[in-house]
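Chemist: Take this structure, written in C-alpha cells, and hold onto it; I'll ask about it next.
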2 protein chains.
Amino acid sequence: MIRTSFIGSGNLAWHLAPALDNVGYPVREVYSQNPKHAAALVGRLYEAHVNISLDFSASTSTIFIISVSDDVLQEVAQKIILPEDAIVVHTSGSQPLSVLDDTGSQNMGVFYPLQTFSKAKKVSFKDVPIFVESESSNVEKVLMKMAKAISNNVKRINSEERKALHVAAVFASNFSNHMLTIAREIAKQNDLDFNVLKPLIAETLNKSLELGPEKSQTGPAVRGDFEILERHMEFLKESPELAEIYRIVSQHIIDSSDQ
Amino acid sequence: MIRTSFIGSGNLAWHLAPALDNVGYPVREVYSQNPKHAAALVGRLYEAHVNISLDFSASTSTIFIISVSDDVLQEVAQKIILPEDAIVVHTSGSQPLSVLDDTGSQNMGVFYPLQTFSKAKKVSFKDVPIFVESESSNVEKVLMKMAKAISNNVKRINSEERKALHVAAVFASNFSNHMLTIAREIAKQNDLDFNVLKPLIAETLNKSLELGPEKSQTGPAVRGDFEILERHMEFLKESPELAEIYRIVSQHIIDSSDQ
C-alpha cells in the first residue's frame with residue numbers, strides 16, 4: 001500500500017486528498033502553514049493527522065504531494081525534510097519540475113490536475129484530466145498508476161508542454177470568465193440585470209464546446225460590421241481600458257476570421 | 001387573430017417564425033433576398049407562402065418582423081411597402097428604433113430576443129429574454145403580449161439600454177468565445193488536444209453563472225503572480241497580438257480585483 005502526505009490544504013488538496021484516500025492511497029499526514037486548515041482537511045480523511053512542521057523524516061508515506069500556491073513552492077521545497085527514497089511531486093500548472101530540486105529528492109515529479117477547484121463545490125475527479133511528468137520512468141509509472149486510480153483522463157506531459165497548456169488554460173478559463181465580469185460591470189453601470197445575459201452565456205458556451213469555438217463565433221467583429229464596432233467603442237469611451245480591450249479583441253477576431 | 005410576416009429567413013427568423021406560428025400568431029408571408037431560403041422557412045410553417053418582393057401592400061398581416069443583418073436593415077426599411085396601419089419591428093440588438101423611420105409606418109417597434117441562434121440547434125424560446133421597445137404604448141402592448149406568448153422572460157427597454165445590453169452581450173458571448181478560440185489555437189500550435197481543456201471550461205463557466213463571475217476569478221493575474229505573468233508573455237512573444245491581449249486583460253483583472 002502506497003501512503004501519501006499532503007503539504008498544503010488549499011482548494012486542490014481539499015478535493016485531491018480525499019479522492020486518493022478513498023482509492024487505496026491513504027493520506028497519513030497533512031501540513032499547512034495554518035494548522036487549523038490542516039486539521040480541517042484531516043477531518044475529511046480516514047487516518048490522517050496534522051504534521052506541525054515540514055519535517056517528515058519519520059513519515060511512513062511514499063508520495064509527498066506539495067499543493068501550495070506557486071509563490072511559496074520554492075520555499076517549501078527548500079525547507080521540507082523527506083524520508084529516504086520518498087517521491088515528491090508538486091501540482092502546479094506553471095512551475096517547472098526543477099523547482100523541486102531543492103528538496104534533495106532523486107524521485108521528483110509533477111501531478112497536475114487541470115481543473116478549477118473551490119472548497120464549496122464538489123468535483124468528480126473521474127473527468128478531470130491529470131498530467132504527469134517525471135524524468136524517472138519508475139516515478140512516472142507510480143504517478144501514472146495513482147492518477148489512473150482517480151481519473152479516466154491521464155496523460156504524460158513535459159514541462160514545455162505543461163507551460164503551453166497552462167497559457168491556453170488562462171485564456172480558456174481565467175480570461176473567458178473575466179469577459180463575463182466585464183459584461184456584468186457594463187450591465188450594472190447601466191442598471192441592467194446581469195441575469196438576463198445568462199441564457200446567452202450558457203448557450204454560447206455549450207455551442208462552443210459542442211461545435212468548436214472557431215465555428216461558434218458570432219457578433220459584429222466576425223461579421224466585419226465596422227459601424228457597430230465604432231458605435232460600441234464610442235459607447236465605452238468613458239472606460240478607456242474597456243474600449244481598448246474591445247478594440248484589440250475585435251481586431252483579433254477579424255484577423256482570425258480572415259485566415 | 002394577429003397575423004405576422006417575416007422579412008429575412010436567417011438564424012433568428014428560422015426559430016422565431018415557427019415559435020410564433022405555434023402560439024396563435026400565424027405567419028402569412030416570408031420574404032428573403034434568396035427565395036430558396038424563404039421557401040425553406042415556409043416549409044417549417046403552417047400556412048405561409050413566399051413573398052417574392054418587399055411589396056406587402058396586399059398582405060393581411062398586422063405585424064411585420066424585419067429580421068435581417070444590421071448592414072441591410074436600413075435598405076430594407078427604405079424599400080418595404082406595408083399595408084396601412086401595419087406594425088413594423090426589427091430584431092436587432094444594436095440598431096436604434098429610428099432605423100425604421102424610412103418605412104413610413106407610424107407603428108414601429110423593436111423585438112429583440114437576446115440569444116445566439118443557429119439553424120442546426122433547437123432553441124427553447126421559453127427561456128430566451130425578449131426585449132421590447134416602442135414609442136407607442138399601443139404598439140408596445142401588442143408586442144409585449146406577443147413576446148409573452150413565447151417567452152417567460154420579457155422586458156421593456158429603450159434604445160440606450162439596448163445598446164448597453166448589446167455591448168455587454170458582446171463581452172459575455174462573442175469575446176468569451178474568442179478566448180476559447182485562442183486557447184484552441186495555442187493548444188494546436190503545441191500539439192496539445194483542445195479537448196483536455198473542456199472540463200475546465202465547463203466547470204469555470206458553471207461556477208461563474210452560479211456564484212457570479214467576479215467571485216469565480218482564478219489564475220495568475222487575480223493572485224498578482226507577476227512572475228508567471230511575465231513567463232507567459234515571454235512564452236507568447238512569437239504571437240505579439242496574443243501577448244498584447246494577455247497583457248491588457250491581465251492588467252484589467254489586476255485593476256478590477258484592487259477595487
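Within each chain, counting starts at residue 1; across the C-alpha cells, chains are named A, B, ... in the order shown, with ligands numbered 1 upward in that order.
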Once chain B has been least-squares superposed onto chain A, matching all their Cα atoms in order, can you return it as a PDB file with C-alpha atoms, in the first residue's frame?
Modeler:
```pdb
ATOM      1  CA  MET B   1      -0.009  -0.016  -0.018  1.00  0.00           C
ATOM      2  CA  ILE B   2       1.351   3.402  -1.009  1.00  0.00           C
ATOM      3  CA  ARG B   3       0.830   6.039   1.651  1.00  0.00           C
ATOM      4  CA  THR B   4       0.718   9.717   0.832  1.00  0.00           C
ATOM      5  CA  SER B   5       1.219  13.022   2.640  1.00  0.00           C
ATOM      6  CA  PHE B   6      -0.068  16.439   1.715  1.00  0.00           C
ATOM      7  CA  ILE B   7       1.781  19.687   2.086  1.00  0.00           C
ATOM      8  CA  GLY B   8      -0.865  22.382   1.696  1.00  0.00           C
ATOM      9  CA  SER B   9      -4.593  22.258   2.380  1.00  0.00           C
ATOM     10  CA  GLY B  10      -5.934  24.648  -0.274  1.00  0.00           C
ATOM     11  CA  ASN B  11      -8.732  24.082  -2.767  1.00  0.00           C
ATOM     12  CA  LEU B  12      -6.933  21.396  -4.762  1.00  0.00           C
ATOM     13  CA  ALA B  13      -5.683  19.428  -1.719  1.00  0.00           C
ATOM     14  CA  TRP B  14      -9.207  19.708  -0.248  1.00  0.00           C
ATOM     15  CA  HIS B  15     -10.538  17.532  -3.097  1.00  0.00           C
ATOM     16  CA  LEU B  16      -7.468  15.535  -4.138  1.00  0.00           C
ATOM     17  CA  ALA B  17      -6.580  14.168  -0.675  1.00  0.00           C
ATOM     18  CA  PRO B  18      -9.994  12.524  -0.024  1.00  0.00           C
ATOM     19  CA  ALA B  19     -10.089  11.235  -3.614  1.00  0.00           C
ATOM     20  CA  LEU B  20      -6.755   9.407  -3.104  1.00  0.00           C
ATOM     21  CA  ASP B  21      -7.661   8.372   0.446  1.00  0.00           C
ATOM     22  CA  ASN B  22     -10.738   6.602  -0.961  1.00  0.00           C
ATOM     23  CA  VAL B  23      -8.955   4.525  -3.604  1.00  0.00           C
ATOM     24  CA  GLY B  24      -6.138   2.879  -1.681  1.00  0.00           C
ATOM     25  CA  TYR B  25      -3.663   5.738  -1.372  1.00  0.00           C
ATOM     26  CA  PRO B  26      -4.233   6.542   2.313  1.00  0.00           C
ATOM     27  CA  VAL B  27      -3.174   9.998   3.413  1.00  0.00           C
ATOM     28  CA  ARG B  28      -1.046   9.847   6.565  1.00  0.00           C
ATOM     29  CA  GLU B  29      -0.109  13.488   7.211  1.00  0.00           C
ATOM     30  CA  VAL B  30      -1.287  16.927   6.272  1.00  0.00           C
ATOM     31  CA  TYR B  31       0.864  20.010   6.772  1.00  0.00           C
ATOM     32  CA  SER B  32      -0.347  23.564   6.342  1.00  0.00           C
ATOM     33  CA  GLN B  33       1.152  26.885   7.366  1.00  0.00           C
ATOM     34  CA  ASN B  34      -2.088  27.316   9.260  1.00  0.00           C
ATOM     35  CA  PRO B  35      -2.551  24.155  11.407  1.00  0.00           C
ATOM     36  CA  LYS B  36      -6.317  24.824  11.625  1.00  0.00           C
ATOM     37  CA  HIS B  37      -6.593  24.455   7.863  1.00  0.00           C
ATOM     38  CA  ALA B  38      -4.598  21.232   8.030  1.00  0.00           C
ATOM     39  CA  ALA B  39      -6.926  19.966  10.782  1.00  0.00           C
ATOM     40  CA  ALA B  40      -9.998  20.765   8.667  1.00  0.00           C
ATOM     41  CA  LEU B  41      -8.625  18.668   5.787  1.00  0.00           C
ATOM     42  CA  VAL B  42      -7.642  15.866   8.222  1.00  0.00           C
ATOM     43  CA  GLY B  43     -11.325  15.808   9.190  1.00  0.00           C
ATOM     44  CA  ARG B  44     -12.157  14.666   5.655  1.00  0.00           C
ATOM     45  CA  LEU B  45      -9.706  11.740   5.803  1.00  0.00           C
ATOM     46  CA  TYR B  46      -9.686   8.291   7.434  1.00  0.00           C
ATOM     47  CA  GLU B  47      -6.415   8.031   9.361  1.00  0.00           C
ATOM     48  CA  ALA B  48      -4.490  11.189   8.727  1.00  0.00           C
ATOM     49  CA  HIS B  49      -3.090  13.563  11.292  1.00  0.00           C
ATOM     50  CA  VAL B  50      -1.676  17.061  11.244  1.00  0.00           C
ATOM     51  CA  ASN B  51       2.078  17.394  10.749  1.00  0.00           C
ATOM     52  CA  ILE B  52       3.032  20.566  12.558  1.00  0.00           C
ATOM     53  CA  SER B  53       6.265  21.177  10.677  1.00  0.00           C
ATOM     54  CA  LEU B  54       7.852  20.470   7.295  1.00  0.00           C
ATOM     55  CA  ASP B  55       9.935  17.733   8.898  1.00  0.00           C
ATOM     56  CA  PHE B  56       8.586  14.457   7.500  1.00  0.00           C
ATOM     57  CA  SER B  57      11.707  12.404   8.295  1.00  0.00           C
ATOM     58  CA  ALA B  58       9.699   9.980  10.474  1.00  0.00           C
ATOM     59  CA  SER B  59       6.862   9.573   7.951  1.00  0.00           C
ATOM     60  CA  THR B  60       5.923   6.172   6.535  1.00  0.00           C
ATOM     61  CA  SER B  61       4.509   7.744   3.360  1.00  0.00           C
ATOM     62  CA  THR B  62       5.943   7.089  -0.083  1.00  0.00           C
ATOM     63  CA  ILE B  63       4.483  10.020  -2.027  1.00  0.00           C
ATOM     64  CA  PHE B  64       4.617  13.631  -0.804  1.00  0.00           C
ATOM     65  CA  ILE B  65       2.242  15.940  -2.634  1.00  0.00           C
ATOM     66  CA  ILE B  66       3.133  19.617  -2.381  1.00  0.00           C
ATOM     67  CA  SER B  67      -0.019  21.514  -3.233  1.00  0.00           C
ATOM     68  CA  VAL B  68       0.719  25.098  -2.282  1.00  0.00           C
ATOM     69  CA  SER B  69       0.466  28.383  -4.174  1.00  0.00           C
ATOM     70  CA  ASP B  70       3.191  29.003  -6.741  1.00  0.00           C
ATOM     71  CA  ASP B  71       4.817  31.815  -4.800  1.00  0.00           C
ATOM     72  CA  VAL B  72       5.725  29.661  -1.763  1.00  0.00           C
ATOM     73  CA  LEU B  73       6.519  26.460  -3.664  1.00  0.00           C
ATOM     74  CA  GLN B  74      10.259  27.162  -3.855  1.00  0.00           C
ATOM     75  CA  GLU B  75      10.440  27.969  -0.148  1.00  0.00           C
ATOM     76  CA  VAL B  76       8.587  24.764   0.793  1.00  0.00           C
ATOM     77  CA  ALA B  77      10.935  22.764  -1.446  1.00  0.00           C
ATOM     78  CA  GLN B  78      13.919  24.253   0.389  1.00  0.00           C
ATOM     79  CA  LYS B  79      12.574  23.593   3.875  1.00  0.00           C
ATOM     80  CA  ILE B  80      10.903  20.200   3.561  1.00  0.00           C
ATOM     81  CA  ILE B  81      12.691  17.213   5.107  1.00  0.00           C
ATOM     82  CA  LEU B  82      11.717  13.934   3.452  1.00  0.00           C
ATOM     83  CA  PRO B  83      12.350  10.302   4.414  1.00  0.00           C
ATOM     84  CA  GLU B  84      14.816   8.442   2.250  1.00  0.00           C
ATOM     85  CA  ASP B  85      13.605   7.337  -1.225  1.00  0.00           C
ATOM     86  CA  ALA B  86      10.455   9.428  -0.950  1.00  0.00           C
ATOM     87  CA  ILE B  87       8.727  10.541  -4.138  1.00  0.00           C
ATOM     88  CA  VAL B  88       7.923  14.246  -4.116  1.00  0.00           C
ATOM     89  CA  VAL B  89       5.556  15.956  -6.548  1.00  0.00           C
ATOM     90  CA  HIS B  90       3.999  19.372  -6.986  1.00  0.00           C
ATOM     91  CA  THR B  91       0.586  20.057  -8.505  1.00  0.00           C
ATOM     92  CA  SER B  92       1.216  23.354 -10.271  1.00  0.00           C
ATOM     93  CA  GLY B  93       0.424  24.009 -13.918  1.00  0.00           C
ATOM     94  CA  SER B  94       3.050  26.656 -14.293  1.00  0.00           C
ATOM     95  CA  GLN B  95       6.098  25.631 -12.258  1.00  0.00           C
ATOM     96  CA  PRO B  96       8.858  23.548 -13.821  1.00  0.00           C
ATOM     97  CA  LEU B  97       9.763  20.183 -12.396  1.00  0.00           C
ATOM     98  CA  SER B  98      13.130  21.636 -11.376  1.00  0.00           C
ATOM     99  CA  VAL B  99      11.539  23.824  -8.689  1.00  0.00           C
ATOM    100  CA  LEU B 100      11.695  20.636  -6.600  1.00  0.00           C
ATOM    101  CA  ASP B 101      15.502  20.301  -6.971  1.00  0.00           C
ATOM    102  CA  ASP B 102      15.944  21.897  -3.542  1.00  0.00           C
ATOM    103  CA  THR B 103      14.094  19.033  -1.869  1.00  0.00           C
ATOM    104  CA  GLY B 104      17.184  16.908  -2.499  1.00  0.00           C
ATOM    105  CA  SER B 105      14.931  14.059  -3.632  1.00  0.00           C
ATOM    106  CA  GLN B 106      16.018  11.855  -6.542  1.00  0.00           C
ATOM    107  CA  ASN B 107      12.374  10.977  -7.200  1.00  0.00           C
ATOM    108  CA  MET B 108      10.627  14.098  -8.370  1.00  0.00           C
ATOM    109  CA  GLY B 109       7.499  14.552 -10.413  1.00  0.00           C
ATOM    110  CA  VAL B 110       4.546  16.739 -11.298  1.00  0.00           C
ATOM    111  CA  PHE B 111       0.958  15.685 -10.757  1.00  0.00           C
ATOM    112  CA  TYR B 112      -1.183  18.382 -12.389  1.00  0.00           C
ATOM    113  CA  PRO B 113      -4.988  18.111 -12.386  1.00  0.00           C
ATOM    114  CA  LEU B 114      -6.339  20.574 -14.958  1.00  0.00           C
ATOM    115  CA  GLN B 115      -9.444  21.891 -13.228  1.00  0.00           C
ATOM    116  CA  THR B 116     -10.637  24.791 -11.118  1.00  0.00           C
ATOM    117  CA  PHE B 117     -11.416  23.853  -7.527  1.00  0.00           C
ATOM    118  CA  SER B 118     -13.269  25.546  -4.728  1.00  0.00           C
ATOM    119  CA  LYS B 119     -13.990  24.087  -1.326  1.00  0.00           C
ATOM    120  CA  ALA B 120     -17.749  24.598  -1.555  1.00  0.00           C
ATOM    121  CA  LYS B 121     -18.176  22.757  -4.852  1.00  0.00           C
ATOM    122  CA  LYS B 122     -17.924  18.999  -5.234  1.00  0.00           C
ATOM    123  CA  VAL B 123     -15.698  17.761  -8.048  1.00  0.00           C
ATOM    124  CA  SER B 124     -15.806  14.386  -9.758  1.00  0.00           C
ATOM    125  CA  PHE B 125     -12.172  13.490 -10.382  1.00  0.00           C
ATOM    126  CA  LYS B 126     -13.161  10.840 -12.939  1.00  0.00           C
ATOM    127  CA  ASP B 127     -13.506  13.595 -15.572  1.00  0.00           C
ATOM    128  CA  VAL B 128     -10.571  15.762 -14.510  1.00  0.00           C
ATOM    129  CA  PRO B 129      -7.579  15.474 -16.872  1.00  0.00           C
ATOM    130  CA  ILE B 130      -4.421  14.744 -14.877  1.00  0.00           C
ATOM    131  CA  PHE B 131      -0.990  15.408 -16.366  1.00  0.00           C
ATOM    132  CA  VAL B 132       2.007  13.506 -15.072  1.00  0.00           C
ATOM    133  CA  GLU B 133       5.640  14.444 -15.529  1.00  0.00           C
ATOM    134  CA  SER B 134       8.859  12.914 -14.288  1.00  0.00           C
ATOM    135  CA  GLU B 135      12.405  12.342 -15.495  1.00  0.00           C
ATOM    136  CA  SER B 136      12.439   8.957 -13.795  1.00  0.00           C
ATOM    137  CA  SER B 137      10.492   6.230 -15.561  1.00  0.00           C
ATOM    138  CA  ASN B 138       9.920   4.486 -12.242  1.00  0.00           C
ATOM    139  CA  VAL B 139       8.430   7.580 -10.632  1.00  0.00           C
ATOM    140  CA  GLU B 140       6.364   8.211 -13.763  1.00  0.00           C
ATOM    141  CA  LYS B 141       4.966   4.682 -13.574  1.00  0.00           C
ATOM    142  CA  VAL B 142       3.966   5.103  -9.921  1.00  0.00           C
ATOM    143  CA  LEU B 143       2.352   8.498 -10.588  1.00  0.00           C
ATOM    144  CA  MET B 144       0.515   7.305 -13.717  1.00  0.00           C
ATOM    145  CA  LYS B 145      -0.970   4.455 -11.691  1.00  0.00           C
ATOM    146  CA  MET B 146      -2.036   6.801  -8.914  1.00  0.00           C
ATOM    147  CA  ALA B 147      -3.583   9.228 -11.428  1.00  0.00           C
ATOM    148  CA  LYS B 148      -5.482   6.425 -13.169  1.00  0.00           C
ATOM    149  CA  ALA B 149      -6.896   5.315  -9.823  1.00  0.00           C
ATOM    150  CA  ILE B 150      -8.907   8.546  -9.645  1.00  0.00           C
ATOM    151  CA  SER B 151      -9.271   9.787 -13.252  1.00  0.00           C
ATOM    152  CA  ASN B 152     -10.176   8.351 -16.648  1.00  0.00           C
ATOM    153  CA  ASN B 153      -8.195  11.060 -18.376  1.00  0.00           C
ATOM    154  CA  VAL B 154      -4.473  10.758 -17.588  1.00  0.00           C
ATOM    155  CA  LYS B 155      -1.631  11.910 -19.822  1.00  0.00           C
ATOM    156  CA  ARG B 156       2.154  12.203 -19.751  1.00  0.00           C
ATOM    157  CA  ILE B 157       3.476  15.694 -20.388  1.00  0.00           C
ATOM    158  CA  ASN B 158       6.784  17.565 -20.250  1.00  0.00           C
ATOM    159  CA  SER B 159       7.467  20.967 -18.670  1.00  0.00           C
ATOM    160  CA  GLU B 160       7.337  22.844 -22.017  1.00  0.00           C
ATOM    161  CA  GLU B 161       3.983  21.309 -22.965  1.00  0.00           C
ATOM    162  CA  ARG B 162       2.657  21.951 -19.486  1.00  0.00           C
ATOM    163  CA  LYS B 163       3.514  25.628 -19.804  1.00  0.00           C
ATOM    164  CA  ALA B 164       1.674  25.841 -23.140  1.00  0.00           C
ATOM    165  CA  LEU B 165      -1.284  24.068 -21.594  1.00  0.00           C
ATOM    166  CA  HIS B 166      -1.321  26.489 -18.687  1.00  0.00           C
ATOM    167  CA  VAL B 167      -1.236  29.540 -20.975  1.00  0.00           C
ATOM    168  CA  ALA B 168      -4.100  28.032 -23.000  1.00  0.00           C
ATOM    169  CA  ALA B 169      -5.984  27.382 -19.749  1.00  0.00           C
ATOM    170  CA  VAL B 170      -5.555  31.025 -18.692  1.00  0.00           C
ATOM    171  CA  PHE B 171      -7.303  32.143 -21.897  1.00  0.00           C
ATOM    172  CA  ALA B 172      -9.930  29.391 -21.753  1.00  0.00           C
ATOM    173  CA  SER B 173     -10.821  29.781 -18.106  1.00  0.00           C
ATOM    174  CA  ASN B 174      -9.502  32.970 -16.460  1.00  0.00           C
ATOM    175  CA  PHE B 175      -9.943  35.314 -19.412  1.00  0.00           C
ATOM    176  CA  SER B 176     -13.311  33.951 -20.592  1.00  0.00           C
ATOM    177  CA  ASN B 177     -14.533  34.381 -17.006  1.00  0.00           C
ATOM    178  CA  HIS B 178     -13.218  37.928 -16.903  1.00  0.00           C
ATOM    179  CA  MET B 179     -15.197  38.753 -20.073  1.00  0.00           C
ATOM    180  CA  LEU B 180     -18.299  37.827 -18.057  1.00  0.00           C
ATOM    181  CA  THR B 181     -17.116  40.068 -15.210  1.00  0.00           C
ATOM    182  CA  ILE B 182     -16.817  42.972 -17.660  1.00  0.00           C
ATOM    183  CA  ALA B 183     -20.279  42.215 -19.074  1.00  0.00           C
ATOM    184  CA  ARG B 184     -21.661  42.274 -15.551  1.00  0.00           C
ATOM    185  CA  GLU B 185     -19.927  45.589 -14.893  1.00  0.00           C
ATOM    186  CA  ILE B 186     -21.390  47.185 -18.039  1.00  0.00           C
ATOM    187  CA  ALA B 187     -24.851  45.840 -17.216  1.00  0.00           C
ATOM    188  CA  LYS B 188     -24.590  47.173 -13.655  1.00  0.00           C
ATOM    189  CA  GLN B 189     -23.440  50.625 -14.760  1.00  0.00           C
ATOM    190  CA  ASN B 190     -26.517  50.824 -16.982  1.00  0.00           C
ATOM    191  CA  ASP B 191     -29.000  49.485 -14.418  1.00  0.00           C
ATOM    192  CA  LEU B 192     -29.493  46.263 -16.333  1.00  0.00           C
ATOM    193  CA  ASP B 193     -29.830  42.871 -14.691  1.00  0.00           C
ATOM    194  CA  PHE B 194     -26.830  40.618 -15.440  1.00  0.00           C
ATOM    195  CA  ASN B 195     -29.146  37.612 -15.145  1.00  0.00           C
ATOM    196  CA  VAL B 196     -30.732  38.382 -18.534  1.00  0.00           C
ATOM    197  CA  LEU B 197     -27.369  37.550 -20.120  1.00  0.00           C
ATOM    198  CA  LYS B 198     -27.136  34.098 -18.554  1.00  0.00           C
ATOM    199  CA  PRO B 199     -29.155  32.127 -21.147  1.00  0.00           C
ATOM    200  CA  LEU B 200     -26.992  33.688 -23.878  1.00  0.00           C
ATOM    201  CA  ILE B 201     -23.778  32.826 -22.028  1.00  0.00           C
ATOM    202  CA  ALA B 202     -24.873  29.240 -21.375  1.00  0.00           C
ATOM    203  CA  GLU B 203     -25.966  28.694 -24.991  1.00  0.00           C
ATOM    204  CA  THR B 204     -22.800  30.287 -26.413  1.00  0.00           C
ATOM    205  CA  LEU B 205     -20.519  28.121 -24.328  1.00  0.00           C
ATOM    206  CA  ASN B 206     -22.496  24.941 -24.911  1.00  0.00           C
ATOM    207  CA  LYS B 207     -22.349  25.573 -28.642  1.00  0.00           C
ATOM    208  CA  SER B 208     -18.663  26.354 -28.430  1.00  0.00           C
ATOM    209  CA  LEU B 209     -17.862  23.111 -26.600  1.00  0.00           C
ATOM    210  CA  GLU B 210     -20.040  21.139 -29.020  1.00  0.00           C
ATOM    211  CA  LEU B 211     -19.116  22.611 -32.417  1.00  0.00           C
ATOM    212  CA  GLY B 212     -15.746  24.157 -31.576  1.00  0.00           C
ATOM    213  CA  PRO B 213     -15.201  27.818 -30.643  1.00  0.00           C
ATOM    214  CA  GLU B 214     -13.937  28.897 -34.070  1.00  0.00           C
ATOM    215  CA  LYS B 215     -17.200  27.678 -35.640  1.00  0.00           C
ATOM    216  CA  SER B 216     -19.343  29.317 -32.959  1.00  0.00           C
ATOM    217  CA  GLN B 217     -18.061  32.870 -33.254  1.00  0.00           C
ATOM    218  CA  THR B 218     -20.828  35.438 -33.765  1.00  0.00           C
ATOM    219  CA  GLY B 219     -21.090  39.203 -33.327  1.00  0.00           C
ATOM    220  CA  PRO B 220     -20.092  42.406 -35.100  1.00  0.00           C
ATOM    221  CA  ALA B 221     -16.343  41.669 -35.335  1.00  0.00           C
ATOM    222  CA  VAL B 222     -16.606  38.340 -37.152  1.00  0.00           C
ATOM    223  CA  ARG B 223     -19.252  39.881 -39.462  1.00  0.00           C
ATOM    224  CA  GLY B 224     -16.864  42.752 -40.160  1.00  0.00           C
ATOM    225  CA  ASP B 225     -19.532  45.242 -39.096  1.00  0.00           C
ATOM    226  CA  PHE B 226     -17.280  48.243 -38.534  1.00  0.00           C
ATOM    227  CA  GLU B 227     -20.165  50.653 -37.987  1.00  0.00           C
ATOM    228  CA  ILE B 228     -21.282  48.725 -34.889  1.00  0.00           C
ATOM    229  CA  LEU B 229     -17.700  48.302 -33.690  1.00  0.00           C
ATOM    230  CA  GLU B 230     -17.199  52.060 -33.810  1.00  0.00           C
ATOM    231  CA  ARG B 231     -20.514  52.735 -32.110  1.00  0.00           C
ATOM    232  CA  HIS B 232     -19.600  50.331 -29.297  1.00  0.00           C
ATOM    233  CA  MET B 233     -16.169  51.899 -28.790  1.00  0.00           C
ATOM    234  CA  GLU B 234     -17.847  55.307 -28.659  1.00  0.00           C
ATOM    235  CA  PHE B 235     -20.233  53.877 -26.053  1.00  0.00           C
ATOM    236  CA  LEU B 236     -17.220  52.712 -23.976  1.00  0.00           C
ATOM    237  CA  LYS B 237     -15.240  55.949 -24.248  1.00  0.00           C
ATOM    238  CA  GLU B 238     -15.686  56.750 -20.527  1.00  0.00           C
ATOM    239  CA  SER B 239     -13.903  53.467 -19.710  1.00  0.00           C
ATOM    240  CA  PRO B 240     -10.739  53.657 -21.839  1.00  0.00           C
ATOM    241  CA  GLU B 241      -9.459  50.278 -20.581  1.00  0.00           C
ATOM    242  CA  LEU B 242     -12.666  48.565 -21.697  1.00  0.00           C
ATOM    243  CA  ALA B 243     -12.618  50.391 -25.034  1.00  0.00           C
ATOM    244  CA  GLU B 244      -9.055  49.180 -25.556  1.00  0.00           C
ATOM    245  CA  ILE B 245      -9.958  45.565 -24.694  1.00  0.00           C
ATOM    246  CA  TYR B 246     -12.947  45.861 -27.029  1.00  0.00           C
ATOM    247  CA  ARG B 247     -10.714  47.156 -29.832  1.00  0.00           C
ATOM    248  CA  ILE B 248      -7.901  44.657 -29.486  1.00  0.00           C
ATOM    249  CA  VAL B 249     -10.097  41.556 -29.085  1.00  0.00           C
ATOM    250  CA  SER B 250     -12.329  42.640 -31.995  1.00  0.00           C
ATOM    251  CA  GLN B 251      -9.240  43.181 -34.147  1.00  0.00           C
ATOM    252  CA  HIS B 252      -8.008  39.698 -33.291  1.00  0.00           C
ATOM    253  CA  ILE B 253     -11.413  38.183 -34.153  1.00  0.00           C
ATOM    254  CA  ILE B 254     -11.282  39.977 -37.524  1.00  0.00           C
ATOM    255  CA  ASP B 255      -7.701  38.813 -38.167  1.00  0.00           C
ATOM    256  CA  SER B 256      -8.497  35.215 -37.123  1.00  0.00           C
ATOM    257  CA  SER B 257     -11.550  35.003 -39.378  1.00  0.00           C
ATOM    258  CA  ASP B 258      -9.528  36.249 -42.357  1.00  0.00           C
ATOM    259  CA  GLN B 259      -7.254  33.243 -42.197  1.00  0.00           C
TER     260      GLN B 259
END
```
Chemist: Report as a ChimeraX atom specification: the residues of region 5-165 of chain A with a DSSP assignment of strand (DSSP E or B), based on the backbone of this structure.
Modeler: /A:5-7,27-31,49-50,55,63-66,81,87-90,108-113,130-133,154-156
Chemist: If you run DSSP over the backbone, which residues in region 52-240 of chain A end up helix (DSSP H, G or I)? Put them as a ChimeraX atom specification.
Modeler: /A:70-79,97-103,125-127,137-150,159-189,194-211,213-215,220-223,226-235,240
